Amino acid sequence: MFVPRALRLKGVKETQKRKPDKTIPDASSPREDALVQAMQKTSTNSAAASPASTQNENVKPPVVSHQPKATTSTPSVYLAQLAAGIELIFTDYAHQHTSSAKWLQEHYRTIDTEERYVHFTAILDHPNIATLKPQATQMLLRQALIENPSHMLELSENGFYVRRRPSTYPASFVPSNSFDIVNDDGLSFWDQRSIYVEPHIRHLCKTPAKVAHWLKEQGQLKAKWLPVQAVHTLYNSCAFVVLSGNVMHEDQWKKWRANEKPENWRIMTKVENLKRTEEYVALKAASTVQAASEHKSDRLALGDDGQDVNRSTARKRLLGVGDTTDLEPSTKRRA
């Protein structure tokens, strides 16, 4: 649970407040606290405490004023996730996928005669980046690309536009009509390169950038399978991931899965997942038919006479007649 450091400092002993250099590291927050506080842009304009003020035990602002110095750094993992999310926007898959290509065309800008740049304001609104928490900024996007350089991306001279490096597009292994290509087994070009994943973290798949980053850093993927081309979220707990290389070669696939990386992830090819899904649907349909058949058999076992008796009894109750079979003979005659 996030607790502002200003509140936590209220519990610091008086003797510790006289040595702010030692109390600040001791009160440092976990990595998550540092990340949130860095995003909040905590002001650092407060003046430093003078020697006279430190002698006053009741003055706390000087201690708080040093707080940003211990929390201004942004975790490298978060910056790497931002870089991975930006890469997903400019992949070969994205350039040919209908909706992704349309988004790129709408946001392309020309900077100093150089074309196909996208401004960071548009990048911040893209789902690959907008789903990351805490909320990113233009300066953080710039920092992410500087600290995590990509051979396929380049920044503009002013540092606030990014584009796919012209020398890397299109990739040599991707045909210009990749979405129209189908092999002899009926598999599309990208289905041959797609896997199904269920990460160890329940809600990881709702942030495509995290999935791509985790696979790249922890998945020990083969070089020809990188970069990750796309992440299609199915639910928060599972997704289809499109890689660059073909995953249908059984020997290579088994060798990679023998490493069980990433740990505690459930992974299979998209083809295998679809096959299992079809089998499950067929079994469920057969179970439904069997249950309906058993229910019909139970109703037939009652017989038509039983149904007629039930209808007669129900009709009498509606008319208020009631069942007279249990009345004594004298009572029936008087009736």
# chains A, B, ... in the order shown; residues from 1 in each chain; ligands from 1
>>> select_by_dssp(residues="range 119-303 of chain A", states="strand (DSSP E)", output="PyMOL selection string")
chain A and resi 119+153-155+161-164+194-198+230-235+238-242+266-269
>>> residues_around(residues="range 164-170 of chain A", least_positions_apart="6", cutoff="6 Å", atoms="only C-alpha atoms", output="list of chain:residue names")
A:Phe90, A:Met152, A:Leu153, A:Glu154
>>> closest_residue(among="A:Val162, A:Ala84, A:Ile195, A:Leu226", to="Arg109 in chain A", atoms="only C-alpha atoms")
A:Val162
>>> residues_around(residues="Asn273 in chain A", least_positions_apart="3", cutoff="10 Å", atoms="only C-alpha atoms", output="PyMOL selection string")
chain A and resi 195-197+240+267-270+276-279
>>> select_by_dssp(residues="range 134-262 of chain A", states="alpha helix (DSSP H)", output="ChimeraX atom specification")
/A:138-147,208-218,250-257
>>> atom_distance(atom1="CA of Ala94 in chain A", atom2="CA of Ala80 in chain A")
19.9 Å
>>> closest_residue(among="A:His200, A:Trp190, A:Pro175, A:Pro127", to="Thr233 in chain A", atoms="only C-alpha atoms")
A:Pro127
>>> residues_around(residues="range 136-147 of chain A", least_positions_apart="4", cutoff="9 Å", atoms="only C-alpha atoms", output="ChimeraX atom specification")
/A:39,74,76,78-83,86,120-121,123-124,129-130,132,153-155,159-161
>>> write_last_selection(atoms="N, CA, C and O atoms", output="short mmCIF file (atom, residue, chain, number, x, y, z; two decimals), in the first residue's frame")
data_model
loop_
_atom_site.label_atom_id
_atom_site.label_comp_id
_atom_site.auth_asym_id
_atom_site.auth_seq_id
_atom_site.Cartn_x
_atom_site.Cartn_y
_atom_site.Cartn_z
N MET A 39 6.79 9.80 -11.05
CA MET A 39 5.79 10.21 -12.02
C MET A 39 5.00 11.44 -11.55
O MET A 39 4.43 12.18 -12.33
N THR A 74 13.83 6.88 -12.31
CA THR A 74 12.77 6.02 -12.79
C THR A 74 13.32 4.60 -12.97
O THR A 74 14.39 4.43 -13.56
N SER A 76 14.50 1.17 -14.28
CA SER A 76 14.90 0.79 -15.63
C SER A 76 13.91 -0.18 -16.26
O SER A 76 13.74 -0.19 -17.49
N TYR A 78 10.64 -0.19 -15.97
CA TYR A 78 9.52 0.58 -16.52
C TYR A 78 9.91 1.24 -17.83
O TYR A 78 9.13 1.24 -18.80
N LEU A 79 11.12 1.79 -17.91
CA LEU A 79 11.58 2.42 -19.14
C LEU A 79 11.71 1.38 -20.26
O LEU A 79 11.39 1.65 -21.41
N ALA A 80 12.17 0.19 -19.91
CA ALA A 80 12.29 -0.87 -20.91
C ALA A 80 10.91 -1.29 -21.41
O ALA A 80 10.75 -1.62 -22.60
N GLN A 81 9.92 -1.30 -20.54
CA GLN A 81 8.56 -1.62 -20.96
C GLN A 81 8.01 -0.56 -21.90
O GLN A 81 7.33 -0.88 -22.89
N LEU A 82 8.31 0.70 -21.63
CA LEU A 82 7.90 1.77 -22.54
C LEU A 82 8.53 1.58 -23.91
O LEU A 82 7.85 1.71 -24.94
N ALA A 83 9.82 1.27 -23.93
CA ALA A 83 10.50 1.06 -25.21
C ALA A 83 9.90 -0.12 -25.97
O ALA A 83 9.71 -0.06 -27.19
N ILE A 86 6.63 0.95 -27.56
CA ILE A 86 6.82 1.78 -28.76
C ILE A 86 7.22 0.91 -29.94
O ILE A 86 6.76 1.13 -31.07
N PHE A 120 5.22 12.23 -29.85
CA PHE A 120 5.02 11.52 -28.59
C PHE A 120 3.61 11.70 -28.02
O PHE A 120 3.15 10.86 -27.25
N THR A 121 2.93 12.79 -28.36
CA THR A 121 1.57 12.97 -27.86
C THR A 121 0.65 11.86 -28.38
O THR A 121 -0.22 11.39 -27.66
N ILE A 123 1.80 8.87 -29.37
CA ILE A 123 2.30 7.63 -28.77
C ILE A 123 1.71 7.43 -27.38
O ILE A 123 1.34 6.30 -27.00
N LEU A 124 1.56 8.49 -26.62
CA LEU A 124 1.02 8.39 -25.26
C LEU A 124 -0.42 7.90 -25.26
O LEU A 124 -0.86 7.28 -24.29
N ILE A 129 0.89 1.98 -24.87
CA ILE A 129 1.53 2.84 -23.87
C ILE A 129 0.52 3.28 -22.81
O ILE A 129 0.84 3.34 -21.62
N ALA A 130 -0.70 3.57 -23.23
CA ALA A 130 -1.71 4.09 -22.30
C ALA A 130 -2.08 3.09 -21.22
O ALA A 130 -2.53 3.47 -20.13
N LEU A 132 -0.04 1.17 -19.62
CA LEU A 132 1.01 1.06 -18.61
C LEU A 132 0.75 2.03 -17.47
O LEU A 132 0.30 3.15 -17.68
N LEU A 153 14.24 1.74 -34.52
CA LEU A 153 13.61 3.03 -34.25
C LEU A 153 14.65 4.14 -34.22
O LEU A 153 15.81 3.91 -33.88
N GLU A 154 14.21 5.34 -34.56
CA GLU A 154 15.10 6.50 -34.45
C GLU A 154 14.30 7.72 -34.03
O GLU A 154 13.13 7.89 -34.41
N LEU A 155 14.95 8.58 -33.24
CA LEU A 155 14.35 9.81 -32.76
C LEU A 155 14.66 10.95 -33.72
O LEU A 155 15.68 10.95 -34.42
N GLY A 159 14.03 15.31 -30.51
CA GLY A 159 13.83 14.28 -29.50
C GLY A 159 12.40 14.01 -29.10
O GLY A 159 12.17 13.28 -28.14
N PHE A 160 11.42 14.53 -29.84
CA PHE A 160 10.02 14.34 -29.47
C PHE A 160 9.20 13.67 -30.57
O PHE A 160 7.98 13.61 -30.50
N TYR A 161 9.86 13.19 -31.61
CA TYR A 161 9.22 12.40 -32.66
C TYR A 161 10.00 11.10 -32.81
O TYR A 161 11.22 11.05 -32.59
#
>>> closest_residue(among="A:Tyr235, A:Phe179, A:Tyr117, A:Tyr108", to="Ser156 in chain A", atoms="only C-alpha atoms")
A:Tyr117
>>> closest_residue(among="A:Gln96, A:Ile89, A:Glu198, A:Lys206", to="Ala122 in chain A", atoms="only C-alpha atoms")
A:Ile89
>>> residues_around(residues="Val241 in chain A", least_positions_apart="6", cutoff="6 Å", atoms="only C-alpha atoms", output="list in words")
Ser194, Ile195, Ala230 and Val231 of chain A
>>> write_last_selection(atoms="N, CA and C atoms", output="PDB file, in the first residue's frame")
ATOM      1  N   SER A 194       2.659 -17.432 -34.468  1.00  0.00           N
ATOM      2  CA  SER A 194       1.901 -16.994 -33.288  1.00  0.00           C
ATOM      3  C   SER A 194       1.902 -18.062 -32.197  1.00  0.00           C
ATOM      4  N   ILE A 195       1.949 -17.596 -30.955  1.00  0.00           N
ATOM      5  CA  ILE A 195       1.891 -18.485 -29.794  1.00  0.00           C
ATOM      6  C   ILE A 195       0.802 -18.009 -28.839  1.00  0.00           C
ATOM      7  N   ALA A 230       3.498  -8.490 -32.368  1.00  0.00           N
ATOM      8  CA  ALA A 230       2.207  -8.015 -31.866  1.00  0.00           C
ATOM      9  C   ALA A 230       1.775  -8.844 -30.670  1.00  0.00           C
ATOM     10  N   VAL A 231       0.916  -8.251 -29.841  1.00  0.00           N
ATOM     11  CA  VAL A 231       0.305  -8.943 -28.708  1.00  0.00           C
ATOM     12  C   VAL A 231      -1.192  -8.687 -28.774  1.00  0.00           C
TER      13      VAL A 231
END
>>> residues_around(residues="Met248 in chain A", least_positions_apart="4", cutoff="9 Å", atoms="only C-alpha atoms", output="PDB file with all heavy atoms, in the first residue's frame")
ATOM      1  N   GLN A 192       1.519 -19.019 -38.398  1.00  0.00           N
ATOM      2  CA  GLN A 192       2.685 -19.883 -38.259  1.00  0.00           C
ATOM      3  C   GLN A 192       3.711 -19.289 -37.295  1.00  0.00           C
ATOM      4  O   GLN A 192       4.620 -19.984 -36.847  1.00  0.00           O
ATOM      5  CB  GLN A 192       3.354 -20.093 -39.628  1.00  0.00           C
ATOM      6  CG  GLN A 192       2.477 -20.793 -40.653  1.00  0.00           C
ATOM      7  CD  GLN A 192       3.128 -20.819 -42.008  1.00  0.00           C
ATOM      8  OE1 GLN A 192       4.254 -21.298 -42.173  1.00  0.00           O
ATOM      9  NE2 GLN A 192       2.431 -20.307 -43.018  1.00  0.00           N
ATOM     10  N   ARG A 193       3.539 -18.037 -36.955  1.00  0.00           N
ATOM     11  CA  ARG A 193       4.466 -17.330 -36.084  1.00  0.00           C
ATOM     12  C   ARG A 193       3.820 -16.873 -34.783  1.00  0.00           C
ATOM     13  O   ARG A 193       4.381 -16.038 -34.081  1.00  0.00           O
ATOM     14  CB  ARG A 193       5.047 -16.122 -36.832  1.00  0.00           C
ATOM     15  CG  ARG A 193       5.983 -16.521 -37.950  1.00  0.00           C
ATOM     16  CD  ARG A 193       6.137 -15.447 -39.013  1.00  0.00           C
ATOM     17  NE  ARG A 193       7.160 -15.847 -39.995  1.00  0.00           N
ATOM     18  CZ  ARG A 193       6.973 -16.730 -40.961  1.00  0.00           C
ATOM     19  NH1 ARG A 193       5.769 -17.301 -41.098  1.00  0.00           N
ATOM     20  NH2 ARG A 193       7.938 -17.047 -41.780  1.00  0.00           N
ATOM     21  N   GLN A 252      12.699 -27.414 -33.070  1.00  0.00           N
ATOM     22  CA  GLN A 252      13.068 -26.150 -32.450  1.00  0.00           C
ATOM     23  C   GLN A 252      12.095 -25.778 -31.339  1.00  0.00           C
ATOM     24  O   GLN A 252      12.493 -25.266 -30.293  1.00  0.00           O
ATOM     25  CB  GLN A 252      13.115 -25.045 -33.511  1.00  0.00           C
ATOM     26  CG  GLN A 252      14.178 -25.254 -34.570  1.00  0.00           C
ATOM     27  CD  GLN A 252      14.190 -24.139 -35.589  1.00  0.00           C
ATOM     28  OE1 GLN A 252      13.450 -23.155 -35.477  1.00  0.00           O
ATOM     29  NE2 GLN A 252      15.019 -24.280 -36.614  1.00  0.00           N
ATOM     30  N   TRP A 253      10.828 -26.063 -31.587  1.00  0.00           N
ATOM     31  CA  TRP A 253       9.820 -25.719 -30.579  1.00  0.00           C
ATOM     32  C   TRP A 253      10.016 -26.536 -29.307  1.00  0.00           C
ATOM     33  O   TRP A 253      10.006 -25.990 -28.204  1.00  0.00           O
ATOM     34  CB  TRP A 253       8.419 -25.956 -31.149  1.00  0.00           C
ATOM     35  CG  TRP A 253       7.331 -25.694 -30.151  1.00  0.00           C
ATOM     36  CD1 TRP A 253       6.630 -26.616 -29.434  1.00  0.00           C
ATOM     37  CD2 TRP A 253       6.830 -24.417 -29.744  1.00  0.00           C
ATOM     38  NE1 TRP A 253       5.727 -26.010 -28.604  1.00  0.00           N
ATOM     39  CE2 TRP A 253       5.820 -24.651 -28.767  1.00  0.00           C
ATOM     40  CE3 TRP A 253       7.127 -23.108 -30.095  1.00  0.00           C
ATOM     41  CZ2 TRP A 253       5.125 -23.620 -28.155  1.00  0.00           C
ATOM     42  CZ3 TRP A 253       6.423 -22.078 -29.475  1.00  0.00           C
ATOM     43  CH2 TRP A 253       5.442 -22.338 -28.530  1.00  0.00           C
ATOM     44  N   THR A 269       1.705 -23.285 -29.203  1.00  0.00           N
ATOM     45  CA  THR A 269       1.494 -22.591 -30.467  1.00  0.00           C
ATOM     46  C   THR A 269       0.020 -22.224 -30.615  1.00  0.00           C
ATOM     47  O   THR A 269      -0.856 -22.835 -29.991  1.00  0.00           O
ATOM     48  CB  THR A 269       1.920 -23.473 -31.655  1.00  0.00           C
ATOM     49  OG1 THR A 269       1.090 -24.640 -31.681  1.00  0.00           O
ATOM     50  CG2 THR A 269       3.378 -23.893 -31.534  1.00  0.00           C
ATOM     51  N   VAL A 271      -1.744 -22.739 -33.185  1.00  0.00           N
ATOM     52  CA  VAL A 271      -2.398 -23.874 -33.838  1.00  0.00           C
ATOM     53  C   VAL A 271      -2.824 -24.906 -32.803  1.00  0.00           C
ATOM     54  O   VAL A 271      -3.946 -25.434 -32.850  1.00  0.00           O
ATOM     55  CB  VAL A 271      -1.443 -24.514 -34.872  1.00  0.00           C
ATOM     56  CG1 VAL A 271      -2.064 -25.784 -35.447  1.00  0.00           C
ATOM     57  CG2 VAL A 271      -1.123 -23.525 -35.978  1.00  0.00           C
TER      58      VAL A 271
END
>>> closest_residue(among="A:Val182, A:Leu274, A:Ala101, A:Cys205", to="Ser237 in chain A", atoms="only C-alpha atoms")
A:Cys205
